[in-house]
file work.txt (compact mmCIF, C-alpha atoms)
# COMPACT_ATOMS: atom_id res chain seq x y z
CA MET A 1 0.00 0.00 0.00
CA THR A 2 1.28 3.52 -0.81
CA PRO A 3 2.51 5.19 2.35
CA LEU A 4 0.90 8.47 3.36
CA LEU A 5 4.33 10.01 3.70
CA ARG A 6 7.80 8.91 2.65
CA VAL A 7 10.91 10.80 3.68
CA GLU A 8 14.39 10.03 2.39
CA GLY A 9 17.57 11.65 3.66
CA LEU A 10 15.70 14.73 4.92
CA VAL A 11 17.93 17.44 6.35
CA ALA A 12 15.78 20.24 7.73
CA GLY A 13 16.50 23.55 9.41
CA TRP A 14 15.81 27.25 9.54
CA GLN A 15 18.72 29.49 8.58
CA ALA A 16 21.05 26.45 8.59
CA PRO A 17 20.55 22.66 8.80
CA ALA A 18 19.36 21.66 12.26
CA CYS A 19 19.31 17.87 12.05
CA GLN A 20 21.06 14.90 10.54
CA ALA A 21 19.51 13.06 7.59
CA VAL A 22 16.22 11.34 8.44
CA SER A 23 14.41 8.64 6.48
CA LEU A 24 10.99 7.21 7.36
CA ALA A 25 7.66 6.18 5.94
CA ILE A 26 4.20 6.29 7.54
CA GLY A 27 1.27 4.26 6.34
CA ALA A 28 -2.43 4.68 7.03
CA GLY A 29 -3.28 3.47 10.52
CA GLU A 30 0.31 3.62 11.77
CA ILE A 31 1.45 5.55 14.83
CA VAL A 32 5.16 6.30 14.56
CA GLY A 33 7.12 7.87 17.39
CA LEU A 34 10.16 10.11 16.85
CA THR A 35 12.38 10.44 19.91
CA GLY A 36 15.84 11.68 20.73
CA PRO A 37 17.69 14.09 22.99
CA ASN A 38 16.92 17.82 23.09
CA GLY A 39 18.35 19.78 20.20
CA VAL A 40 18.66 16.87 17.79
CA GLY A 41 16.04 18.40 15.47
CA LYS A 42 12.87 16.38 16.07
CA SER A 43 10.52 19.38 16.04
CA THR A 44 12.40 20.79 13.05
CA VAL A 45 11.72 17.60 11.08
CA LEU A 46 8.03 17.94 11.91
CA ALA A 47 8.08 21.59 10.89
CA ALA A 48 9.70 20.70 7.56
CA LEU A 49 7.06 18.05 6.88
CA ALA A 50 4.39 20.71 7.50
CA GLY A 51 6.11 23.19 5.20
CA ARG A 52 7.35 25.53 7.92
CA ALA A 53 11.05 24.73 8.09
CA LYS A 54 13.41 24.63 5.13
CA VAL A 55 14.48 21.38 3.46
CA PHE A 56 18.21 21.54 2.87
CA ALA A 57 18.61 18.04 1.44
CA GLY A 58 16.59 14.92 0.87
CA HIS A 59 13.15 14.24 -0.43
CA VAL A 60 9.62 14.35 1.04
CA GLU A 61 6.88 12.53 -0.82
CA ARG A 62 3.25 12.92 0.22
CA ARG A 63 0.35 10.90 -1.08
CA PRO A 64 -1.62 13.12 -3.51
CA GLY A 65 -4.42 14.97 -1.75
CA LEU A 66 -3.00 14.24 1.70
CA ARG A 67 -4.70 16.26 4.44
CA LEU A 68 -2.26 17.24 7.17
CA ALA A 69 -2.99 18.37 10.70
CA LEU A 70 -0.18 19.78 12.80
CA GLN A 71 -0.03 20.37 16.54
CA THR A 72 2.96 22.39 17.78
CA GLN A 73 4.27 23.10 21.24
CA GLU A 74 2.99 26.70 21.08
CA VAL A 75 -0.21 27.17 23.06
CA PRO A 76 -3.01 29.00 21.20
CA PRO A 77 -3.30 32.54 22.66
CA VAL A 78 -6.82 32.25 24.08
CA VAL A 79 -6.44 34.02 27.43
CA GLY A 80 -8.44 37.25 27.31
CA LEU A 81 -10.27 36.11 24.18
CA SER A 82 -14.04 35.63 24.29
CA LEU A 83 -14.01 32.24 22.59
CA ALA A 84 -15.92 29.18 23.77
CA GLY A 85 -14.59 25.64 23.55
CA SER A 86 -17.23 24.64 21.03
CA GLU A 87 -16.19 27.55 18.80
CA LEU A 88 -12.54 26.47 18.99
CA LEU A 89 -13.43 22.97 17.80
CA ALA A 90 -15.53 24.40 14.98
CA LEU A 91 -12.51 26.31 13.67
CA THR A 92 -10.60 23.14 12.85
CA GLY A 93 -13.67 21.03 12.10
CA ALA A 94 -12.96 18.80 15.09
CA SER A 95 -15.83 16.72 16.44
CA PRO A 96 -16.50 16.88 20.20
CA GLU A 97 -17.44 13.18 20.11
CA GLY A 98 -15.01 11.23 22.22
CA LEU A 99 -13.99 14.10 24.49
CA PRO A 100 -13.34 13.02 28.07
CA PRO A 101 -16.27 13.59 30.46
CA TRP A 102 -14.34 16.24 32.41
CA LEU A 103 -14.29 18.35 29.27
CA ALA A 104 -17.37 17.37 27.27
CA GLY A 105 -19.73 19.29 29.55
CA ARG A 106 -17.64 22.47 29.51
CA LEU A 107 -17.66 23.33 25.81
CA ASP A 108 -19.93 26.33 26.30
CA LEU A 109 -17.46 27.98 28.65
CA ARG A 110 -14.91 30.53 27.54
CA LEU A 111 -11.54 28.89 27.09
CA ASP A 112 -9.88 31.21 29.58
CA ARG A 113 -12.39 30.10 32.24
CA LEU A 114 -11.11 26.51 32.02
CA SER A 115 -8.20 25.24 34.06
CA GLY A 116 -4.80 25.22 32.34
CA GLY A 117 -4.91 21.47 31.86
CA GLN A 118 -8.47 21.48 30.50
CA ARG A 119 -7.60 24.29 28.13
CA HIS A 120 -4.48 22.51 26.93
CA TYR A 121 -6.32 19.25 26.26
CA LEU A 122 -9.12 21.00 24.39
CA ALA A 123 -6.60 22.90 22.26
CA LEU A 124 -4.89 19.57 21.51
CA TRP A 125 -8.24 17.90 20.74
CA ALA A 126 -9.05 20.59 18.20
CA ILE A 127 -6.12 19.25 16.15
CA LEU A 128 -6.39 15.60 17.14
CA ALA A 129 -10.02 15.33 16.03
CA ALA A 130 -9.74 17.58 12.96
CA PRO A 131 -10.43 15.98 9.57
CA ALA A 132 -7.01 14.74 8.39
CA ASP A 133 -5.17 11.79 6.88
CA LEU A 134 -1.86 12.39 8.67
CA LEU A 135 -1.44 13.90 12.09
CA LEU A 136 1.84 15.47 13.20
CA LEU A 137 2.11 15.93 16.96
CA ASP A 138 4.91 17.75 18.80
CA GLU A 139 5.18 16.84 22.50
CA PRO A 140 1.41 16.34 22.93
CA THR A 141 1.71 15.14 26.54
CA ASN A 142 3.16 18.44 27.80
CA ASN A 143 0.99 19.73 30.67
CA LEU A 144 -1.25 16.63 30.64
CA ASP A 145 -1.95 14.63 33.77
CA ALA A 146 -2.14 10.83 33.80
CA ALA A 147 -5.84 10.80 32.89
CA GLY A 148 -5.19 13.14 30.00
CA VAL A 149 -2.33 11.02 28.68
CA ALA A 150 -4.43 7.85 28.96
CA HIS A 151 -7.27 9.48 27.05
CA LEU A 152 -4.85 10.74 24.41
CA VAL A 153 -3.44 7.24 23.87
CA ALA A 154 -6.92 5.76 23.53
CA SER A 155 -8.00 8.49 21.12
CA LEU A 156 -4.90 8.10 18.94
CA ARG A 157 -5.45 4.35 18.78
CA ALA A 158 -9.10 4.85 17.82
CA ARG A 159 -8.22 7.31 15.08
CA ALA A 160 -5.43 5.11 13.77
CA ALA A 161 -7.86 2.19 13.61
CA ALA A 162 -9.99 4.39 11.34
CA GLY A 163 -7.04 4.93 9.00
CA LEU A 164 -5.28 8.03 10.32
CA GLY A 165 -1.49 8.01 10.21
CA VAL A 166 0.34 9.66 13.10
CA LEU A 167 3.88 10.90 13.56
CA VAL A 168 4.47 11.97 17.13
CA VAL A 169 7.54 13.69 18.53
CA SER A 170 7.88 13.01 22.23
CA HIS A 171 10.45 12.74 24.97
CA ASP A 172 7.85 10.93 27.15
CA ALA A 173 9.24 7.40 26.97
CA GLU A 174 6.24 5.80 28.68
CA PHE A 175 3.76 7.48 26.34
CA VAL A 176 5.77 6.52 23.26
CA LYS A 177 6.02 2.91 24.43
CA VAL A 178 2.27 2.61 24.95
CA ALA A 179 0.98 4.66 22.02
CA CYS A 180 3.33 3.96 19.13
CA ASP A 181 3.54 1.01 16.75
CA ARG A 182 7.20 1.71 16.14
CA VAL A 183 9.71 4.25 17.31
CA LEU A 184 12.57 5.98 15.51
CA CYS A 185 15.33 7.46 17.59
CA MET A 186 17.22 10.47 16.29
CA GLU A 187 20.75 10.76 17.51
CA ALA A 188 23.86 12.47 16.30
CA SER A 189 24.30 9.91 13.53
CA ASP A 190 22.01 9.23 10.54
CA VAL A 191 18.59 7.76 11.46
CA GLU A 192 16.74 5.14 9.42
CA MET B 193 -33.34 66.43 15.18
CA TRP B 194 -35.53 65.06 12.47
CA ASN B 195 -34.43 67.86 10.20
CA GLU B 196 -32.40 66.33 7.36
CA ILE B 197 -29.36 68.39 8.31
CA PHE B 198 -29.03 66.24 11.44
CA LEU B 199 -30.85 63.09 10.40
CA VAL B 200 -28.56 62.10 7.52
CA PRO B 201 -25.30 62.45 9.50
CA PHE B 202 -26.97 60.61 12.39
CA LEU B 203 -27.94 57.70 10.17
CA THR B 204 -24.55 57.66 8.47
CA GLY B 205 -22.79 57.47 11.80
CA LEU B 206 -25.25 54.82 13.00
CA VAL B 207 -24.36 52.56 10.09
CA LEU B 208 -20.68 52.99 10.95
CA ALA B 209 -21.45 52.32 14.62
CA VAL B 210 -22.57 48.85 13.50
CA LEU B 211 -19.51 48.12 11.34
CA LEU B 212 -16.67 49.55 13.42
CA PRO B 213 -17.02 47.37 16.53
CA VAL B 214 -17.20 44.21 14.41
CA LEU B 215 -14.01 45.20 12.59
CA GLY B 216 -12.54 46.16 15.94
CA CYS B 217 -13.10 42.66 17.34
CA TYR B 218 -10.99 41.16 14.58
CA LEU B 219 -8.35 43.87 14.92
CA ARG B 220 -8.20 43.20 18.66
CA LEU B 221 -7.98 39.45 18.00
CA ARG B 222 -4.88 40.11 15.88
CA ASP B 223 -3.46 42.61 18.42
CA GLU B 224 -3.75 45.23 15.70
CA TRP B 225 -5.99 47.79 17.38
CA LEU B 226 -3.28 50.39 16.78
CA ALA B 227 -3.92 49.79 13.08
CA ALA B 228 -7.27 51.55 13.44
CA LEU B 229 -5.57 54.70 14.67
CA ALA B 230 -2.94 54.47 11.96
CA TYR B 231 -5.47 54.03 9.14
CA ALA B 232 -7.62 56.89 10.50
CA HIS B 233 -4.67 59.30 10.53
CA VAL B 234 -3.50 58.24 7.08
CA ALA B 235 -7.07 58.66 5.82
CA ALA B 236 -7.21 62.17 7.31
CA ALA B 237 -3.99 63.13 5.51
CA GLY B 238 -5.27 61.60 2.27
CA ALA B 239 -8.56 63.45 2.54
CA LEU B 240 -6.81 66.79 3.02
CA LEU B 241 -4.48 66.17 0.08
CA ALA B 242 -7.49 65.28 -2.09
CA LEU B 243 -9.26 68.46 -1.02
CA LEU B 244 -6.26 70.53 -2.09
CA ALA B 245 -6.22 68.69 -5.42
CA HIS B 246 -9.93 69.53 -5.88
CA LEU B 247 -10.91 65.86 -5.55
CA PRO B 248 -13.53 64.42 -3.19
CA PRO B 249 -11.93 64.12 0.28
CA ALA B 250 -13.56 60.76 0.92
CA LEU B 251 -11.88 59.38 -2.21
CA GLY B 252 -8.49 60.69 -1.10
CA GLY B 253 -8.98 59.28 2.36
CA MET B 254 -9.91 55.84 1.08
CA LEU B 255 -7.07 55.74 -1.44
CA ALA B 256 -4.50 56.70 1.18
CA ALA B 257 -5.82 54.27 3.79
CA GLY B 258 -6.19 51.55 1.16
CA ALA B 259 -2.56 51.99 0.12
CA ALA B 260 -1.54 51.77 3.78
CA GLY B 261 -3.60 48.62 4.29
CA ALA B 262 -2.31 46.97 1.15
CA GLY B 263 1.28 47.92 1.87
CA LYS B 264 1.20 47.10 5.55
CA ARG B 265 2.74 43.67 5.15
CA ALA B 266 5.73 45.01 3.18
CA LEU B 267 6.19 47.78 5.72
CA ALA B 268 5.96 45.37 8.65
CA GLY B 269 8.66 43.26 7.02
CA ARG B 270 11.03 46.21 6.98
CA LEU B 271 10.10 47.68 10.37
CA ALA B 272 10.49 45.04 13.03
CA GLY B 273 8.81 45.05 16.44
CA GLY B 274 5.38 46.18 15.25
CA ALA B 275 6.59 49.67 14.36
CA ALA B 276 4.75 49.79 11.04
CA TYR B 277 1.49 51.07 12.51
CA ALA B 278 3.25 53.62 14.71
CA PHE B 279 5.12 55.00 11.69
CA LEU B 280 1.93 55.17 9.62
CA LEU B 281 0.13 56.93 12.45
CA LEU B 282 2.89 59.50 12.92
CA ALA B 283 3.25 60.11 9.19
CA GLY B 284 -0.49 60.56 8.70
CA TRP B 285 -0.87 62.81 11.73
CA ALA B 286 2.16 64.96 10.87
CA LEU B 287 1.09 65.49 7.26
CA ALA B 288 -2.53 66.22 8.19
CA VAL B 289 -1.63 68.75 10.90
CA LEU B 290 0.88 70.52 8.67
CA LEU B 291 -1.64 70.74 5.84
CA THR B 292 -4.25 72.10 8.25
CA ALA B 293 -1.80 74.68 9.58
CA ASN B 294 -0.48 75.85 6.23
CA GLN B 295 -3.32 75.52 3.75
CA PRO B 296 -6.39 77.69 4.35
CA MET B 297 -8.46 75.37 2.18
CA ALA B 298 -7.61 72.44 4.42
CA GLU B 299 -8.16 74.25 7.72
CA ARG B 300 -11.89 73.67 8.15
CA LEU B 301 -11.83 69.99 7.20
CA GLY B 302 -8.66 69.38 9.18
CA HIS B 303 -10.17 70.79 12.34
CA ALA B 304 -13.37 68.85 11.77
CA LEU B 305 -11.43 65.60 11.42
CA PHE B 306 -9.27 66.08 14.50
CA ASP B 307 -11.52 68.09 16.79
CA GLY B 308 -14.30 65.64 16.14
CA GLN B 309 -16.98 67.83 14.70
CA LEU B 310 -19.30 65.71 12.65
CA TYR B 311 -18.42 65.82 9.00
CA PHE B 312 -21.83 66.35 7.59
CA ALA B 313 -22.48 63.56 5.15
CA ASP B 314 -25.07 64.39 2.53
CA ALA B 315 -28.03 62.22 1.61
CA GLY B 316 -26.23 60.95 -1.50
CA GLN B 317 -23.52 59.26 0.56
CA LEU B 318 -25.80 57.37 2.93
CA PRO B 319 -26.88 54.62 0.47
CA TRP B 320 -23.22 53.97 -0.42
CA ILE B 321 -22.29 53.64 3.21
CA VAL B 322 -25.18 51.23 3.80
CA LEU B 323 -23.99 49.17 0.82
CA TRP B 324 -20.46 49.23 2.20
CA LEU B 325 -21.75 47.97 5.56
CA LEU B 326 -23.57 45.05 3.95
CA ALA B 327 -20.59 44.15 1.76
CA ALA B 328 -18.11 44.44 4.63
CA LEU B 329 -20.22 42.28 6.96
CA ALA B 330 -20.60 39.68 4.22
CA VAL B 331 -16.83 39.61 3.67
CA LEU B 332 -16.17 39.37 7.41
CA ALA B 333 -18.65 36.53 7.75
CA ARG B 334 -16.66 34.60 5.12
CA LEU B 335 -13.26 35.48 6.54
CA SER B 336 -14.15 35.04 10.22
CA ARG B 337 -13.25 31.37 10.61
CA TRP B 338 -9.94 31.78 8.76
CA LEU B 339 -8.99 34.93 10.69
CA LEU B 340 -9.55 33.09 13.97
CA LEU B 341 -7.73 29.99 12.71
CA CYS B 342 -4.78 32.05 11.40
CA HIS B 343 -4.40 33.63 14.81
CA LEU B 344 -4.90 30.56 16.99
CA TYR B 345 -3.42 27.80 14.85
CA PRO B 346 -1.21 29.44 12.20
CA ASP B 347 0.73 26.22 11.61
CA PHE B 348 -2.44 24.18 11.19
CA PHE B 349 -3.72 26.82 8.77
CA ARG B 350 -0.55 26.53 6.66
CA ALA B 351 -0.34 22.75 6.95
CA GLN B 352 -3.82 22.50 5.45
CA GLY B 353 -2.48 24.29 2.38
CA ARG B 354 -4.51 27.44 2.91
CA LYS B 355 -3.21 30.63 1.35
CA SER B 356 -2.72 33.88 3.20
CA TRP B 357 -4.62 35.82 0.50
CA PRO B 358 -7.46 36.75 0.72
CA VAL B 359 -7.58 36.22 4.47
CA GLN B 360 -4.92 38.49 5.91
CA PRO B 361 -4.21 41.05 3.18
CA GLY B 362 -7.91 41.08 2.34
CA PHE B 363 -8.82 41.89 5.90
CA ASN B 364 -6.12 44.59 6.11
CA LEU B 365 -7.58 46.30 3.05
CA LEU B 366 -11.14 46.01 4.32
CA ALA B 367 -10.15 47.48 7.69
CA ALA B 368 -8.22 50.35 6.11
CA LEU B 369 -11.00 51.35 3.72
CA SER B 370 -13.67 51.10 6.42
CA LEU B 371 -11.64 53.21 8.82
CA ALA B 372 -11.17 55.80 6.08
CA LEU B 373 -14.94 56.01 5.55
CA ALA B 374 -15.52 56.22 9.28
CA THR B 375 -12.88 58.93 9.72
CA MET B 376 -14.56 61.08 7.06
CA ASN B 377 -17.83 60.88 8.98
CA LEU B 378 -16.97 60.55 12.65
CA GLY B 379 -13.52 62.12 12.83
CA VAL B 380 -10.25 60.40 13.71
CA MET B 381 -10.80 59.76 17.40
CA GLY B 382 -14.53 59.18 17.11
CA ALA B 383 -13.84 56.33 14.69
CA PHE B 384 -11.10 54.97 16.94
CA ALA B 385 -13.36 55.09 20.00
CA LEU B 386 -15.93 52.83 18.32
CA VAL B 387 -13.28 50.47 16.94
CA PHE B 388 -11.44 50.06 20.24
CA VAL B 389 -13.76 50.37 23.23
CA PRO B 390 -16.75 48.12 22.35
CA PRO B 391 -14.46 45.17 21.46
CA TRP B 392 -12.49 45.79 24.66
CA LEU B 393 -15.71 45.42 26.62
CA ALA B 394 -16.83 42.42 24.58
CA PHE B 395 -13.58 40.54 25.15
CA ARG B 396 -14.01 41.06 28.90
CA ARG B 397 -17.69 40.22 29.24
CA ALA B 398 -18.89 38.04 26.37
CA ARG B 399 -19.30 34.28 26.84
CA ASN B 400 -18.27 33.40 23.31
CA TRP B 401 -17.10 34.94 20.05
CA ARG B 402 -20.52 35.33 18.48
CA GLY B 403 -21.90 36.85 21.67
CA GLY B 404 -18.93 39.19 21.74
CA LEU B 405 -19.68 40.50 18.26
CA LEU B 406 -23.31 41.14 19.21
CA LEU B 407 -22.38 42.76 22.52
CA ALA B 408 -19.81 45.04 20.87
CA THR B 409 -22.27 46.09 18.17
CA GLY B 410 -25.19 46.69 20.51
CA PHE B 411 -23.04 48.66 22.92
CA SER B 412 -21.59 50.75 20.09
CA VAL B 413 -25.01 51.65 18.68
CA VAL B 414 -26.38 52.68 22.08
CA ALA B 415 -23.28 54.70 22.96
CA TYR B 416 -23.27 56.39 19.56
CA GLY B 417 -26.94 57.38 19.89
CA LEU B 418 -26.46 58.79 23.38
CA ALA B 419 -23.34 60.70 22.31
CA PHE B 420 -25.00 62.16 19.22
CA PHE B 421 -27.92 63.52 21.19
CA ALA B 422 -25.69 64.73 24.01
CA ALA B 423 -23.36 66.58 21.63
CA LEU B 424 -26.31 68.17 19.86
CA HIS B 425 -28.07 69.14 23.06
CA LEU B 426 -24.92 70.51 24.71
CA ASP B 427 -23.62 72.06 21.47
CA GLN B 428 -20.24 70.35 21.89
CA PRO B 429 -17.84 68.67 19.40
CA PHE B 430 -19.11 65.21 18.68
CA GLY B 431 -15.76 63.32 18.80
CA PRO B 432 -14.81 64.05 22.43
CA VAL B 433 -18.40 63.55 23.62
CA LEU B 434 -18.50 60.17 21.88
CA ALA B 435 -15.17 59.18 23.41
CA LEU B 436 -16.31 60.11 26.92
CA VAL B 437 -19.70 58.39 26.58
CA VAL B 438 -18.18 55.21 25.16
CA MET B 439 -15.48 55.04 27.81
CA GLY B 440 -17.82 55.91 30.67
CA LEU B 441 -20.37 53.26 29.72
CA ALA B 442 -17.68 50.67 29.09
CA LEU B 443 -16.09 51.20 32.49
CA LEU B 444 -19.53 50.97 34.07
CA PHE B 445 -20.22 47.57 32.47
CA ALA B 446 -16.71 46.20 32.52
CA ALA B 447 -16.59 45.15 36.17
call {"tool": "encode", "arguments": {"input": "work.txt", "output": "structure tokens"}}
result
Amino acid sequence: MTPLLRVEGLVAGWQAPACQAVSLAIGAGEIVGLTGPNGVGKSTVLAALAGRAKVFAGHVERRPGLRLALQTQEVPPVVGLSLAGSELLALTGASPEGLPPWLAGRLDLRLDRLSGGQRHYLALWAILAAPADLLLLDEPTNNLDAAGVAHLVASLRARAAAGLGVLVVSHDAEFVKVACDRVLCMEASDVE
Amino acid sequence: MWNEIFLVPFLTGLVLAVLLPVLGCYLRLRDEWLAALAYAHVAAAGALLALLAHLPPALGGMLAAGAAGAGKRALAGRLAGGAAYAFLLLAGWALAVLLTANQPMAERLGHALFDGQLYFADAGQLPWIVLWLLAALAVLARLSRWLLLCHLYPDFFRAQGRKSWPVQPGFNLLAALSLALATMNLGVMGAFALVFVPPWLAFRRARNWRGGLLLATGFSVVAYGLAFFAALHLDQPFGPVLALVVMGLALLFAA
């Protein structure tokens, strides 16, 4: 089956290359983890796949018509904004179905009236549940408690079972072990 | 009051009192409320230049503000740290004040724009302003989701392959032209008061985005009406009265 994404010898960066060459392929229904020490370029690889960072070398091949969804480490600036949770989900086309009970009943509240953790999970859900074929996640477990991480794992598995491909950058070894089908580790040398 | 000399300007300003707070909500979302002041000052300078060139001031104001809105992105690229709007504001203000001080033809209009005396729109302009309101609201309704998405999830917006035009440059142009129209009719600070204060209140008090737009608009219309009658009754310049009414009511309801 044609992979959703195939990457060969990708060297990505901003003003200069920020990572060693990376090669990987992600098929529909696969959850692939990308780990490695800080500064090795994991987030930069993700940014390059989403068209943000520059590709200095290598090749990125996407399935024609591929719909991408990208979650970054930056938190949406919702404090002080009169925006309800339901309106946030509507922006990305995310369905509220499957939200954890501690959040499902709070969608009519302004986002800045939620707790930090609730707000973070809802902002993540807006990307996680958006219509997409391939989901790129950058440290999704930041600021999540154990219940949040467990719900995230279950939701990723459910979406993957429906055909979504996922590439997740994470330093959370436990999360990666439980959520991912396979894991690639970026180090100072080439990664395959 | 129901004499046409007051009714037409009242209705013209009322239409703008509906549009400005809606625009202001999106400007505030993008942290670009200073843009309103910049566009208003550039429009004032453009209107005065047009007057001296024996062209309709409103046309000059809209052309100048439109050029500022269209060129904002290029200017922002060259002037880091958000200085583009400050530079536009200063340039517009300086040129307008110098024209007012040195050109007798420009003196009356210049004072009207900055002191806040109502610029008396004639009956012929009102239908055009109503049409502009309807067109602007229709455009904003289409752009709304993308403006919010651009601000909250810019990477998601780009990853989905969406193009910046017509969302961001289109909105800049719409805001600039609308502020120019408003400046011609309400004065520089009167227009700014309606673009800044109602959204400020809405962001504090509304329960959601849609509610915020309605709150900002309703508040603006009520404040405008009260200010118009107060200025007329007290025989005072409209701009400062509007600013005081808007601010006073907003502080009353903000807590």
call {"tool": "interface_residues", "arguments": {"input": "work.txt", "of": "chain B", "to": "chain A", "cutoff": "9 Å", "atoms": "all atoms listed in the file", "output": "list of chain:residue names"}}
result
B:Leu221, B:Arg337, B:Trp338, B:Leu340, B:Leu341, B:His343, B:Leu344, B:Tyr345, B:Asp347, B:Phe348, B:Phe349, B:Arg350, B:Ala351, B:Gln352, B:Gly353, B:Ala394, B:Phe395, B:Arg396, B:Arg397, B:Ala398, B:Arg399, B:Asn400, B:Trp401, B:Arg402, B:Gly403, B:Gly404
call {"tool": "residues_around", "arguments": {"input": "work.txt", "residues": "Glu187 of chain A", "least_positions_apart": "5", "cutoff": "10 Å", "atoms": "all atoms listed in the file", "output": "number ranges by chain"}}
result
A: 19-20, 35-42
call {"tool": "residues_around", "arguments": {"input": "work.txt", "residues": "Gly13 of chain A", "least_positions_apart": "2", "cutoff": "6 Å", "atoms": "all atoms listed in the file", "output": "NGL selection string"}}
result
:A and (16-18 or 53-54)
call {"tool": "atom_distance", "arguments": {"input": "work.txt", "atom1": "atom CA of Thr204 of chain B", "atom2": "atom CA of Ile321 of chain B"}}
result
7.0 Å
call {"tool": "residues_around", "arguments": {"input": "work.txt", "residues": "Leu208 of chain B", "least_positions_apart": "6", "cutoff": "12 Å", "atoms": "all atoms listed in the file", "output": "PyMOL selection string"}}
result
chain B and resi 201-202+214-216+318+320-326+328-329+370-379+382-387+409+412-413+416-417
call {"tool": "write_last_selection", "arguments": {"input": "work.txt", "atoms": "C-alpha atoms", "output": "PDB file, in the coordinates of the input"}}
result
ATOM      1  CA  PRO B 201     -25.300  62.450   9.500  1.00  0.00           C
ATOM      2  CA  PHE B 202     -26.970  60.610  12.390  1.00  0.00           C
ATOM      3  CA  VAL B 214     -17.200  44.210  14.410  1.00  0.00           C
ATOM      4  CA  LEU B 215     -14.010  45.200  12.590  1.00  0.00           C
ATOM      5  CA  GLY B 216     -12.540  46.160  15.940  1.00  0.00           C
ATOM      6  CA  LEU B 318     -25.800  57.370   2.930  1.00  0.00           C
ATOM      7  CA  TRP B 320     -23.220  53.970  -0.420  1.00  0.00           C
ATOM      8  CA  ILE B 321     -22.290  53.640   3.210  1.00  0.00           C
ATOM      9  CA  VAL B 322     -25.180  51.230   3.800  1.00  0.00           C
ATOM     10  CA  LEU B 323     -23.990  49.170   0.820  1.00  0.00           C
ATOM     11  CA  TRP B 324     -20.460  49.230   2.200  1.00  0.00           C
ATOM     12  CA  LEU B 325     -21.750  47.970   5.560  1.00  0.00           C
ATOM     13  CA  LEU B 326     -23.570  45.050   3.950  1.00  0.00           C
ATOM     14  CA  ALA B 328     -18.110  44.440   4.630  1.00  0.00           C
ATOM     15  CA  LEU B 329     -20.220  42.280   6.960  1.00  0.00           C
ATOM     16  CA  SER B 370     -13.670  51.100   6.420  1.00  0.00           C
ATOM     17  CA  LEU B 371     -11.640  53.210   8.820  1.00  0.00           C
ATOM     18  CA  ALA B 372     -11.170  55.800   6.080  1.00  0.00           C
ATOM     19  CA  LEU B 373     -14.940  56.010   5.550  1.00  0.00           C
ATOM     20  CA  ALA B 374     -15.520  56.220   9.280  1.00  0.00           C
ATOM     21  CA  THR B 375     -12.880  58.930   9.720  1.00  0.00           C
ATOM     22  CA  MET B 376     -14.560  61.080   7.060  1.00  0.00           C
ATOM     23  CA  ASN B 377     -17.830  60.880   8.980  1.00  0.00           C
ATOM     24  CA  LEU B 378     -16.970  60.550  12.650  1.00  0.00           C
ATOM     25  CA  GLY B 379     -13.520  62.120  12.830  1.00  0.00           C
ATOM     26  CA  GLY B 382     -14.530  59.180  17.110  1.00  0.00           C
ATOM     27  CA  ALA B 383     -13.840  56.330  14.690  1.00  0.00           C
ATOM     28  CA  PHE B 384     -11.100  54.970  16.940  1.00  0.00           C
ATOM     29  CA  ALA B 385     -13.360  55.090  20.000  1.00  0.00           C
ATOM     30  CA  LEU B 386     -15.930  52.830  18.320  1.00  0.00           C
ATOM     31  CA  VAL B 387     -13.280  50.470  16.940  1.00  0.00           C
ATOM     32  CA  THR B 409     -22.270  46.090  18.170  1.00  0.00           C
ATOM     33  CA  SER B 412     -21.590  50.750  20.090  1.00  0.00           C
ATOM     34  CA  VAL B 413     -25.010  51.650  18.680  1.00  0.00           C
ATOM     35  CA  TYR B 416     -23.270  56.390  19.560  1.00  0.00           C
ATOM     36  CA  GLY B 417     -26.940  57.380  19.890  1.00  0.00           C
TER      37      GLY B 417
END
call {"tool": "closest_residue", "arguments": {"input": "work.txt", "among": "A:Ala21, A:Ala94, A:Ala161, A:Ala104", "to": "Ala129 of chain A", "atoms": "only C-alpha atoms"}}
result
A:Ala94
call {"tool": "closest_residue", "arguments": {"input": "work.txt", "among": "B:Leu212, B:Leu219, B:Ala276, B:Leu199", "to": "Leu339 of chain B", "atoms": "all atoms listed in the file"}}
result
B:Leu219
